[in-house]
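Below is final24.txt, which holds compact mmCIF, C-alpha atoms.
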# COMPACT_ATOMS: atom_id res chain seq x y z
CA MET A 9 14.07 -19.02 42.10
CA GLU A 10 12.17 -18.17 38.92
CA LEU A 11 10.40 -14.91 39.63
CA ALA A 12 9.35 -13.94 36.12
CA TYR A 13 9.54 -15.35 32.63
CA ILE A 14 7.60 -15.55 29.38
CA PRO A 15 5.70 -18.84 29.22
CA SER A 16 5.49 -20.86 26.03
CA PRO A 17 2.21 -22.26 24.74
CA SER A 18 1.60 -25.87 25.72
CA THR A 19 0.64 -26.55 22.11
CA GLY A 20 0.87 -24.72 18.82
CA VAL A 21 -2.44 -26.11 17.53
CA ILE A 22 -6.01 -25.31 18.52
CA HIS A 23 -8.68 -27.63 17.18
CA LEU A 24 -11.93 -26.00 16.10
CA GLY A 25 -13.87 -29.23 15.84
CA PRO A 26 -12.19 -31.25 13.07
CA ILE A 27 -10.30 -28.19 11.79
CA PRO A 28 -6.80 -27.58 13.26
CA LEU A 29 -5.84 -23.92 13.72
CA ARG A 30 -2.07 -23.70 13.89
CA GLY A 31 -0.54 -20.71 15.60
CA TYR A 32 2.36 -20.48 13.12
CA ALA A 33 0.07 -20.40 10.08
CA PHE A 34 -2.27 -17.95 11.79
CA CYS A 35 0.58 -15.49 12.42
CA ILE A 36 1.73 -15.73 8.79
CA ILE A 37 -1.78 -15.13 7.45
CA LEU A 38 -2.36 -12.21 9.83
CA GLY A 39 0.96 -10.69 8.81
CA VAL A 40 0.07 -10.91 5.11
CA PHE A 41 -3.27 -9.25 5.78
CA VAL A 42 -1.62 -6.34 7.64
CA ALA A 43 1.00 -5.92 4.90
CA VAL A 44 -1.64 -5.72 2.15
CA TRP A 45 -3.93 -3.44 4.15
CA TYR A 46 -1.23 -0.95 5.11
CA GLY A 47 0.45 -1.17 1.73
CA ASN A 48 -2.85 -0.31 0.07
CA LYS A 49 -3.19 2.84 2.21
CA ARG A 50 0.32 3.96 1.30
CA TRP A 51 -0.19 3.16 -2.36
CA ILE A 52 -3.35 5.27 -2.55
CA ALA A 53 -1.50 8.12 -0.80
CA ARG A 54 1.20 7.89 -3.50
CA GLY A 55 -1.43 8.34 -6.24
CA GLY A 56 -2.31 4.71 -6.99
CA THR A 57 -5.73 3.07 -7.04
CA ALA A 58 -7.34 0.91 -4.37
CA GLY A 59 -6.97 -2.82 -4.90
CA THR A 60 -3.72 -2.68 -6.85
CA VAL A 61 -1.59 -3.84 -3.91
CA ALA A 62 -3.87 -6.84 -3.31
CA ASP A 63 -3.82 -7.76 -7.00
CA ILE A 64 -0.03 -7.80 -7.08
CA ALA A 65 0.10 -9.61 -3.72
CA VAL A 66 -1.70 -12.51 -5.39
CA TRP A 67 1.58 -13.04 -7.24
CA ALA A 68 4.05 -11.95 -4.55
CA VAL A 69 2.74 -13.96 -1.57
CA PRO A 70 2.83 -17.46 -3.14
CA PHE A 71 6.27 -16.77 -4.61
CA GLY A 72 7.44 -15.52 -1.22
CA LEU A 73 6.20 -18.61 0.62
CA VAL A 74 7.89 -20.92 -1.86
CA GLY A 75 11.12 -18.92 -1.75
CA GLY A 76 11.14 -18.79 2.04
CA ARG A 77 10.65 -22.50 2.33
CA LEU A 78 13.28 -23.28 -0.30
CA TYR A 79 15.88 -21.15 1.48
CA HIS A 80 15.14 -22.89 4.77
CA VAL A 81 15.27 -26.40 3.30
CA ILE A 82 18.48 -25.72 1.35
CA THR A 83 20.34 -24.10 4.25
CA ASP A 84 19.08 -26.68 6.76
CA TYR A 85 19.02 -29.70 4.47
CA GLN A 86 20.29 -31.98 7.24
CA LEU A 87 16.91 -31.69 8.94
CA TYR A 88 15.19 -33.38 6.00
CA PHE A 89 17.69 -35.36 3.95
CA SER A 90 20.15 -36.80 6.47
CA GLU A 91 20.00 -40.36 7.73
CA GLY A 92 16.91 -41.08 9.80
CA GLN A 93 15.01 -38.02 8.52
CA ASP A 94 11.93 -38.04 6.32
CA TRP A 95 12.26 -35.81 3.24
CA VAL A 96 8.46 -35.44 3.13
CA ASP A 97 8.77 -33.14 6.16
CA ALA A 98 10.32 -30.55 3.86
CA PHE A 99 6.80 -29.82 2.59
CA LYS A 100 5.27 -29.37 6.05
CA ILE A 101 5.47 -25.61 6.11
CA TRP A 102 3.01 -25.37 9.00
CA GLU A 103 5.63 -26.87 11.32
CA GLY A 104 7.82 -23.80 10.87
CA GLY A 105 10.79 -22.97 8.72
CA LEU A 106 10.66 -19.93 6.42
CA GLY A 107 13.83 -18.09 5.48
CA ILE A 108 13.14 -14.37 5.16
CA TRP A 109 15.96 -14.01 2.60
CA GLY A 110 14.33 -16.44 0.21
CA ALA A 111 10.86 -15.05 0.92
CA ILE A 112 11.88 -11.50 -0.01
CA ALA A 113 13.88 -12.58 -3.08
CA PHE A 114 11.17 -14.81 -4.56
CA GLY A 115 8.42 -12.46 -3.41
CA ALA A 116 10.12 -9.69 -5.38
CA VAL A 117 9.99 -11.89 -8.49
CA GLY A 118 6.27 -12.41 -8.00
CA ALA A 119 5.74 -8.69 -7.41
CA TRP A 120 7.71 -7.90 -10.57
CA ILE A 121 5.40 -10.14 -12.59
CA GLY A 122 2.31 -8.51 -11.07
CA CYS A 123 3.69 -5.02 -11.67
CA ARG A 124 4.51 -5.74 -15.31
CA ARG A 125 0.98 -6.98 -15.89
CA ARG A 126 -0.39 -3.64 -14.65
CA GLY A 127 2.31 -1.39 -16.09
CA ILE A 128 3.57 -0.30 -12.65
CA PRO A 129 7.23 0.40 -11.73
CA LEU A 130 8.41 -2.19 -9.21
CA PRO A 131 10.50 0.29 -7.12
CA ALA A 132 7.46 2.50 -6.46
CA TYR A 133 5.42 -0.52 -5.40
CA ALA A 134 8.25 -1.74 -3.17
CA ASP A 135 8.46 1.64 -1.43
CA ALA A 136 4.73 1.59 -0.70
CA ILE A 137 4.67 -1.90 0.83
CA ALA A 138 8.01 -1.82 2.68
CA PRO A 139 6.64 -0.83 6.14
CA GLY A 140 3.81 -3.34 5.75
CA ILE A 141 6.25 -6.16 4.97
CA VAL A 142 8.36 -5.53 8.05
CA LEU A 143 5.21 -5.33 10.20
CA ALA A 144 4.22 -8.70 8.74
CA GLN A 145 7.59 -10.04 9.85
CA ALA A 146 6.98 -8.68 13.35
CA ILE A 147 3.69 -10.58 13.52
CA GLY A 148 5.06 -13.70 11.85
CA ARG A 149 7.83 -14.06 14.44
CA TRP A 150 5.21 -14.90 17.04
CA GLY A 151 4.66 -18.11 15.11
CA ASN A 152 8.08 -19.20 16.42
CA TRP A 153 6.76 -18.65 19.93
CA PHE A 154 3.90 -21.06 19.27
CA ASN A 155 6.36 -23.67 17.97
CA GLN A 156 8.97 -23.03 20.72
CA GLU A 157 11.77 -22.50 18.21
CA LEU A 158 14.49 -20.02 17.32
CA TYR A 159 15.22 -18.96 20.89
CA GLY A 160 18.56 -17.63 22.14
CA LYS A 161 21.14 -18.49 24.75
CA PRO A 162 20.23 -19.36 28.36
CA THR A 163 19.48 -16.34 30.56
CA ASP A 164 18.01 -15.46 33.94
CA LEU A 165 16.56 -12.11 32.84
CA PRO A 166 12.98 -11.35 33.91
CA TRP A 167 11.82 -11.57 30.29
CA ALA A 168 13.43 -14.95 29.68
CA LEU A 169 11.47 -17.42 27.57
CA LYS A 170 10.56 -20.71 29.21
CA ILE A 171 11.04 -23.67 26.89
CA THR A 172 9.65 -27.11 27.68
CA ALA A 173 11.54 -30.32 26.97
CA SER A 174 11.02 -32.31 23.78
CA ALA A 175 12.98 -34.58 21.45
CA ASN A 176 14.80 -31.61 19.87
CA ARG A 177 15.19 -29.19 22.78
CA GLU A 178 16.09 -28.97 26.45
CA ALA A 179 13.88 -27.32 29.03
CA GLY A 180 15.11 -24.04 30.45
CA LEU A 181 15.02 -20.27 30.30
CA TYR A 182 16.41 -18.66 27.14
CA HIS A 183 16.62 -15.29 25.41
CA PRO A 184 13.34 -14.68 23.53
CA THR A 185 15.01 -13.84 20.24
CA PHE A 186 11.65 -14.06 18.48
CA LEU A 187 10.49 -11.16 20.68
CA TYR A 188 13.68 -9.17 20.08
CA GLU A 189 13.27 -9.48 16.33
CA SER A 190 9.55 -8.69 16.47
CA LEU A 191 10.20 -5.45 18.37
CA TRP A 192 13.10 -4.60 16.08
CA CYS A 193 10.81 -5.01 13.05
CA VAL A 194 8.27 -2.61 14.56
CA GLY A 195 11.06 -0.08 15.05
CA VAL A 196 12.18 -0.53 11.44
CA ALA A 197 8.63 0.13 10.22
CA VAL A 198 8.50 3.37 12.20
CA LEU A 199 11.93 4.38 10.85
CA VAL A 200 10.93 3.78 7.22
CA VAL A 201 7.65 5.70 7.55
CA TRP A 202 9.43 8.64 9.20
CA ALA A 203 12.29 8.73 6.69
CA ASP A 204 9.88 8.42 3.77
CA ARG A 205 7.96 11.49 4.95
CA ARG A 206 11.02 13.47 6.00
CA PHE A 207 13.18 12.88 2.91
CA THR A 208 10.52 12.00 0.29
CA LEU A 209 12.14 8.69 -0.62
CA GLY A 210 11.46 7.25 -4.04
CA HIS A 211 12.66 4.82 -6.71
CA GLY A 212 13.02 1.93 -4.23
CA ARG A 213 15.00 3.76 -1.55
CA ALA A 214 12.36 3.30 1.16
CA PHE A 215 12.46 -0.44 0.50
CA ALA A 216 16.27 -0.43 0.55
CA LEU A 217 16.21 1.40 3.90
CA TYR A 218 13.91 -1.29 5.30
CA VAL A 219 16.26 -4.03 4.07
CA ALA A 220 19.35 -2.34 5.50
CA ALA A 221 17.76 -1.58 8.88
CA TYR A 222 16.35 -5.09 9.21
CA CYS A 223 19.72 -6.67 8.37
CA ALA A 224 21.45 -4.54 11.00
CA GLY A 225 19.18 -5.93 13.69
CA ARG A 226 19.09 -9.47 12.32
CA ALA A 227 22.88 -9.73 12.51
CA TRP A 228 23.09 -9.31 16.30
CA ILE A 229 19.88 -11.23 16.98
CA GLU A 230 21.10 -14.13 14.85
CA TYR A 231 24.33 -14.17 16.81
CA MET A 232 22.33 -14.88 20.01
CA ARG A 233 20.50 -17.91 18.65
CA VAL A 234 21.51 -21.44 19.63
CA ASP A 235 19.57 -23.50 17.09
CA GLU A 236 21.61 -25.61 14.68
CA ALA A 237 23.00 -23.72 11.69
CA HIS A 238 25.85 -23.80 9.17
CA HIS A 239 28.92 -21.69 9.93
CA ILE A 240 31.46 -19.96 7.71
CA LEU A 241 34.71 -18.92 9.42
CA GLY A 242 33.01 -19.54 12.74
CA VAL A 243 30.09 -17.21 11.96
CA ARG A 244 26.53 -18.35 11.31
CA LEU A 245 25.47 -18.37 7.66
CA ASN A 246 22.56 -15.99 8.27
CA VAL A 247 24.90 -13.45 9.84
CA TRP A 248 27.00 -13.42 6.67
CA THR A 249 23.83 -13.13 4.61
CA ALA A 250 22.68 -10.16 6.69
CA ILE A 251 26.04 -8.42 6.25
CA VAL A 252 26.12 -8.89 2.47
CA VAL A 253 22.49 -7.84 1.96
CA PHE A 254 23.01 -4.81 4.23
CA LEU A 255 25.94 -3.60 2.12
CA LEU A 256 24.00 -4.12 -1.11
CA ALA A 257 21.01 -2.17 0.23
CA VAL A 258 23.18 0.77 1.33
CA LEU A 259 24.98 0.77 -2.03
CA TYR A 260 21.65 0.85 -3.84
CA MET A 261 20.44 3.83 -1.78
CA VAL A 262 23.60 5.81 -2.54
CA ILE A 263 23.62 5.09 -6.28
CA SER A 264 19.87 5.54 -6.67
CA ALA A 265 19.93 8.92 -4.90
CA ARG A 266 22.54 10.16 -7.37
CA VAL A 267 21.10 8.68 -10.54
CA ARG A 268 17.38 9.16 -9.86
CA PRO A 269 16.83 11.77 -7.11
CA GLY A 270 13.37 12.67 -5.88
CA ARG A 271 10.23 10.56 -6.05
CA GLU A 272 8.06 9.25 -8.89
CA GLU A 273 5.29 11.68 -9.77
CA ILE A 274 3.16 8.95 -11.36
CA VAL A 275 3.14 5.46 -9.82
CA GLU A 276 0.24 3.97 -11.77
CA PRO A 277 0.25 5.24 -15.38
CA ARG A 278 -3.06 3.59 -16.33
CA ALA A 279 -4.89 5.24 -13.44
CA ALA A 280 -3.31 8.60 -14.28
CA ALA A 281 -4.31 8.26 -17.94
CA LYS A 282 -7.86 7.35 -16.96
CA ASP A 283 -8.11 10.36 -14.64
CA ALA A 284 -6.74 12.63 -17.37
CA ALA A 285 -9.25 11.26 -19.87
CA GLY A 286 -12.07 11.78 -17.41
CA THR A 287 -10.99 15.36 -16.75
CA GLU A 288 -10.68 16.12 -20.47
CA GLY A 289 -14.10 14.62 -21.16
CA GLY A 290 -15.61 16.70 -18.39
CA THR A 291 -14.05 19.85 -19.86
CA GLU A 292 -15.42 19.08 -23.32
CA ASP A 293 -18.91 18.48 -21.95
CA GLY A 294 -18.70 21.74 -20.04
CA SER A 295 -17.62 23.61 -23.18
CA VAL A 296 -20.54 22.17 -25.16
CA LYS A 297 -22.95 23.10 -22.41
CA ASP A 298 -21.53 26.62 -22.24
CA ALA A 299 -21.87 27.01 -26.02
CA GLU A 300 -25.45 25.78 -25.89
CA ALA A 301 -26.20 28.19 -23.06
CA LYS A 302 -24.69 31.08 -25.00
CA ASP A 303 -26.72 30.17 -28.11
CA GLY A 304 -29.85 30.05 -25.97
CA ASP A 305 -29.07 33.44 -24.50
CA ALA A 306 -28.54 34.85 -28.01
CA GLU A 307 -31.86 33.43 -29.20
CA ASP A 308 -33.62 34.88 -26.17
CA GLY A 309 -32.01 38.24 -26.88
CA ASP A 310 -33.14 38.16 -30.50
CA ALA A 311 -36.66 37.27 -29.43
CA GLU A 312 -36.68 40.12 -26.93
CA GLU A 313 -35.34 42.51 -29.55
CA GLY A 314 -38.05 41.39 -32.00
CA SER A 315 -40.70 41.85 -29.38
CA GLY A 316 -39.32 45.31 -28.64
CA LYS A 317 -39.45 46.24 -32.32
CA LYS A 318 -43.02 44.99 -32.59
CA ALA A 319 -44.01 47.00 -29.52
CA ALA A 320 -42.35 50.11 -30.92
CA ALA A 321 -44.09 49.63 -34.24
CA THR A 322 -47.42 49.22 -32.52
CA GLU A 323 -46.90 52.33 -30.48
CA SER A 324 -45.94 54.27 -33.63
CA GLY A 325 -49.02 53.02 -35.45
CA ASP A 326 -51.22 54.00 -32.56
CA ALA A 327 -49.67 57.45 -32.45
CA VAL A 328 -50.17 57.97 -36.20
CA ARG A 329 -53.71 56.78 -36.01
CA ASP A 330 -54.46 58.99 -33.03
CA GLY A 331 -52.83 61.94 -34.81
CA ALA A 332 -54.81 61.35 -37.98
CA GLU A 333 -58.04 61.04 -36.11
CA GLY A 334 -57.19 64.21 -34.22
CA ASP A 335 -56.40 66.10 -37.44
CA ALA A 336 -59.53 64.84 -39.11
CA GLY A 337 -61.64 65.90 -36.14
CA GLU A 338 -60.11 69.31 -36.11
CA SER A 339 -60.67 69.70 -39.94
CA GLY A 340 -64.29 68.63 -39.65
CA GLN A 341 -64.92 71.08 -36.89
CA SER A 342 -63.37 73.93 -38.92
CA ALA A 343 -65.55 73.15 -41.96
CA GLU A 344 -68.58 73.11 -39.80
CA ASP A 345 -67.65 76.45 -38.33
CA VAL A 346 -67.18 77.92 -41.85
CA GLY A 347 -70.53 76.57 -42.96
CA HIS A 348 -72.30 78.13 -40.05
CA GLY A 349 -70.54 81.42 -40.69
CA ALA A 350 -71.57 81.47 -44.38
CA GLY A 351 -75.16 80.71 -43.52
CA ASN A 352 -75.30 83.47 -41.00
CA GLY A 353 -73.79 85.90 -43.50
CA ALA A 354 -76.36 85.06 -46.17
CA GLY A 355 -79.20 85.39 -43.73
CA SER A 356 -77.95 88.77 -42.70
CA ALA A 357 -77.75 89.95 -46.31
CA ALA A 358 -81.29 88.84 -47.04
CA LYS A 359 -82.64 90.70 -44.05
CA GLY A 360 -80.81 93.88 -45.06
Is it possible to give me this structure as structure tokens?
Amino acid sequence: MELAYIPSPSTGVIHLGPIPLRGYAFCIILGVFVAVWYGNKRWIARGGTAGTVADIAVWAVPFGLVGGRLYHVITDYQLYFSEGQDWVDAFKIWEGGLGIWGAIAFGAVGAWIGCRRRGIPLPAYADAIAPGIVLAQAIGRWGNWFNQELYGKPTDLPWALKITASANREAGLYHPTFLYESLWCVGVAVLVVWADRRFTLGHGRAFALYVAAYCAGRAWIEYMRVDEAHHILGVRLNVWTAIVVFLLAVLYMVISARVRPGREEIVEPRAAAKDAAGTEGGTEDGSVKDAEAKDGDAEDGDAEEGSGKKAAATESGDAVRDGAEGDAGESGQSAEDVGHGAGNGAGSAAKG
């Protein structure tokens, strides 16, 4: 008796009037939005400018979509070019089929072009967007749920995925490998953010950690899948790919840590140069203003000194004038006294 399971959507398309909204495409678009948004926050925290991540994503996203589709078509060519198949279906990306290995490889080429155009080191950019990319993968995997694809082996676990019958699949309960990978990707994002803060990763090592951690989970999840795939020595091709890419990522982290330890101090040279120019200009303006203020203070001091001299001169003139008037008054009074004395003497002599 089926007590619990994860149901699958009855259809992967919702029609908004004449416009079809496909669940797979919606998950991809939402994942890209989250990757750019979170990558922008991390880039600004590293010293970059807002909008740079989106500008470079204009190059990286189209390249990534083309690369992902090419990898899928090449590794599963029998689905499109074998007898009875229509090769035109290879262009119907909305029906599912994106290989993450091709998406990351071609997306890196697009990001490299965008970084060169802005004079930005690709490793620094990759470190900033790494957690956002793996979160985008976590969201994008739910597109497989809408299309009822990429499920695992049959199971009776409570979280089994119920698949309905169609021309290419049998009805039943299967491991929800899309859910396993989605949760694993969330865990990888948390790991990268923690390690980046704890060990101050730089020069592409945060991105390499994301690649290595994702490959470790993809290897065992891929082993559970039952969809058709090419095998080498009895092992699925994507498992071999995960092993090889994992080893390359670990090797890069080891060599990079020895050759270029630490983290980049400047991630966006143009922005740093602009900030430096702005700071220098502000200092020059401040110096000019200080010089003008000092000149003004000097002029005010001279004016005050001149006023003080004028006041002193005035006071001296007043004192001299007052002194002269006082001396003249005293001299006049003395002459008058002498005159009176002489008159009195003469009068006295005449009377005697």
Each residue of range 196-260 of chain A lying at most 12 Å from range 51-55 of chain A should get a row with its shortest atom-to-atom pair and the distance in Å to one decimal, counting all atoms listed in the file; could you produce that, ordered by chain and increasing number, as CSV?
residue,atom,partner,partner_atom,distance
A:Asp204,CA,A:Arg54,CA,11.3
A:Arg205,CA,A:Arg54,CA,11.4
A:Thr208,CA,A:Arg54,CA,10.9
A:Leu209,CA,A:Arg54,CA,11.3
A:Gly210,CA,A:Arg54,CA,10.3
Residues proximal to (-0.4, -19.3, 12.9) were defined as those with any atom within 9 Å of that point in the file's coordinates, counting all atoms listed in the file. Which are they, as a PyMOL selection string? chain A and resi 20-21+29-38+102+148+150-151+154
Using the file's own x, y and z axes, what box holds all listed atoms of range 259-272 of chain A with 4 Å on each side, keeping edges along x, y and z, and what are its centre and edge lengths in Å to one decimal, as JSON?
{"center_x": 16.5, "center_y": 6.7, "center_z": -6.2, "size_x": 24.9, "size_y": 19.9, "size_z": 16.8}
Report, in Å with one decimal, the straight-line distance from CA of Ser174 in chain A to CA of Tyr88 in chain A.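 According to the coordinates, CA of Ser174 in chain A and CA of Tyr88 in chain A are separated by 18.3 Å.
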Under the rule that all atoms listed in the file are counted, which of A:Val96, A:Gly47, A:His238, A:Arg77 is the nearest residue to Ile112 in chain A?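 Counting all atoms listed in the file, the residue closest to Ile112 in chain A is A:Arg77.
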Just checking: using all atoms listed in the file, which residue out of A:Gly127, A:Gly72, A:Gly56, A:Gly122 ends up closest to Val275 in chain A?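 The closest residue to Val275 in chain A is A:Gly56.
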For Lys49 in chain A, which residue among A:Tyr133, A:Tyr79, A:Phe114, A:Phe99 is the nearest when counting only C-alpha atoms? A:Tyr133
Which polymer residues, protein or nucleic acid, are no farther than 10 Å from (15.5, -1.1, 4.8), counting only C-alpha atoms, as a list in words? Asp135, Ala138, Pro139, Val142, Val196, Ala197, Leu199, Val200, Gly212, Arg213, Ala214, Phe215, Ala216, Leu217, Tyr218, Val219, Ala220, Ala221, Tyr222, Cys223, Ala224, Phe254, Ala257, Val258 and Met261 of chain A
For the selection you just gave me, I'd like the residues written to a file as an mmCIF file, in the frame of the given file, keeping C-alpha atoms.
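Contents of result.cif, as written:
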data_model
loop_
_atom_site.group_PDB
_atom_site.id
_atom_site.type_symbol
_atom_site.label_atom_id
_atom_site.label_comp_id
_atom_site.auth_asym_id
_atom_site.auth_seq_id
_atom_site.Cartn_x
_atom_site.Cartn_y
_atom_site.Cartn_z
ATOM 1 C CA ASP A 135 8.460 1.640 -1.430
ATOM 2 C CA ALA A 138 8.010 -1.820 2.680
ATOM 3 C CA PRO A 139 6.640 -0.830 6.140
ATOM 4 C CA VAL A 142 8.360 -5.530 8.050
ATOM 5 C CA VAL A 196 12.180 -0.530 11.440
ATOM 6 C CA ALA A 197 8.630 0.130 10.220
ATOM 7 C CA LEU A 199 11.930 4.380 10.850
ATOM 8 C CA VAL A 200 10.930 3.780 7.220
ATOM 9 C CA GLY A 212 13.020 1.930 -4.230
ATOM 10 C CA ARG A 213 15.000 3.760 -1.550
ATOM 11 C CA ALA A 214 12.360 3.300 1.160
ATOM 12 C CA PHE A 215 12.460 -0.440 0.500
ATOM 13 C CA ALA A 216 16.270 -0.430 0.550
ATOM 14 C CA LEU A 217 16.210 1.400 3.900
ATOM 15 C CA TYR A 218 13.910 -1.290 5.300
ATOM 16 C CA VAL A 219 16.260 -4.030 4.070
ATOM 17 C CA ALA A 220 19.350 -2.340 5.500
ATOM 18 C CA ALA A 221 17.760 -1.580 8.880
ATOM 19 C CA TYR A 222 16.350 -5.090 9.210
ATOM 20 C CA CYS A 223 19.720 -6.670 8.370
ATOM 21 C CA ALA A 224 21.450 -4.540 11.000
ATOM 22 C CA PHE A 254 23.010 -4.810 4.230
ATOM 23 C CA ALA A 257 21.010 -2.170 0.230
ATOM 24 C CA VAL A 258 23.180 0.770 1.330
ATOM 25 C CA MET A 261 20.440 3.830 -1.780
#
Compare A:Trp95, A:Phe41, A:Tyr85, A:Tyr231 by their minimum atom-to-atom distance to Lys161 in chain A, counting all atoms listed in the file, and give me the closest one. A:Tyr231
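Note that the spacing between CA of Ile147 in chain A and CA of Leu87 in chain A amounts to 25.3 Å.
Among the candidates A:Thr163, A:Thr172, A:Gln145, A:Asn155, the one nearest to Trp192 in chain A when counting only C-alpha atoms is A:Gln145.
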Gln156 in chain A surroundings by only C-alpha atoms, 12 Å radius, close-in-sequence under 3 positions cut, as a ChimeraX atom specification: /A:14-20,31-32,103-104,149-153,159-160,169-174,176-187,235
Point-to-point distance in Å for CA of Gly115 in chain A and CA of Leu256 in chain A: 17.8 Å
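With distances restricted to all atoms listed in the file, A:Val61 is the closest residue to Ala132 in chain A from A:Val61, A:Leu78, A:Leu158, A:Val253.
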Tell me which protein, DNA and RNA residues are within 8 Å of Arg268 in chain A, counting only C-alpha atoms, leaving out same-chain ones fewer than 3 positions away, and put them as a PyMOL selection string. chain A and resi 211+264-265
Could you give me, as an NGL selection string, the residues within 12 Å of range 239-242 of chain A, counting all atoms listed in the file and dropping anything in the same chain fewer than 6 positions from it? :A and (83-84 or 230-231 or 248-249)
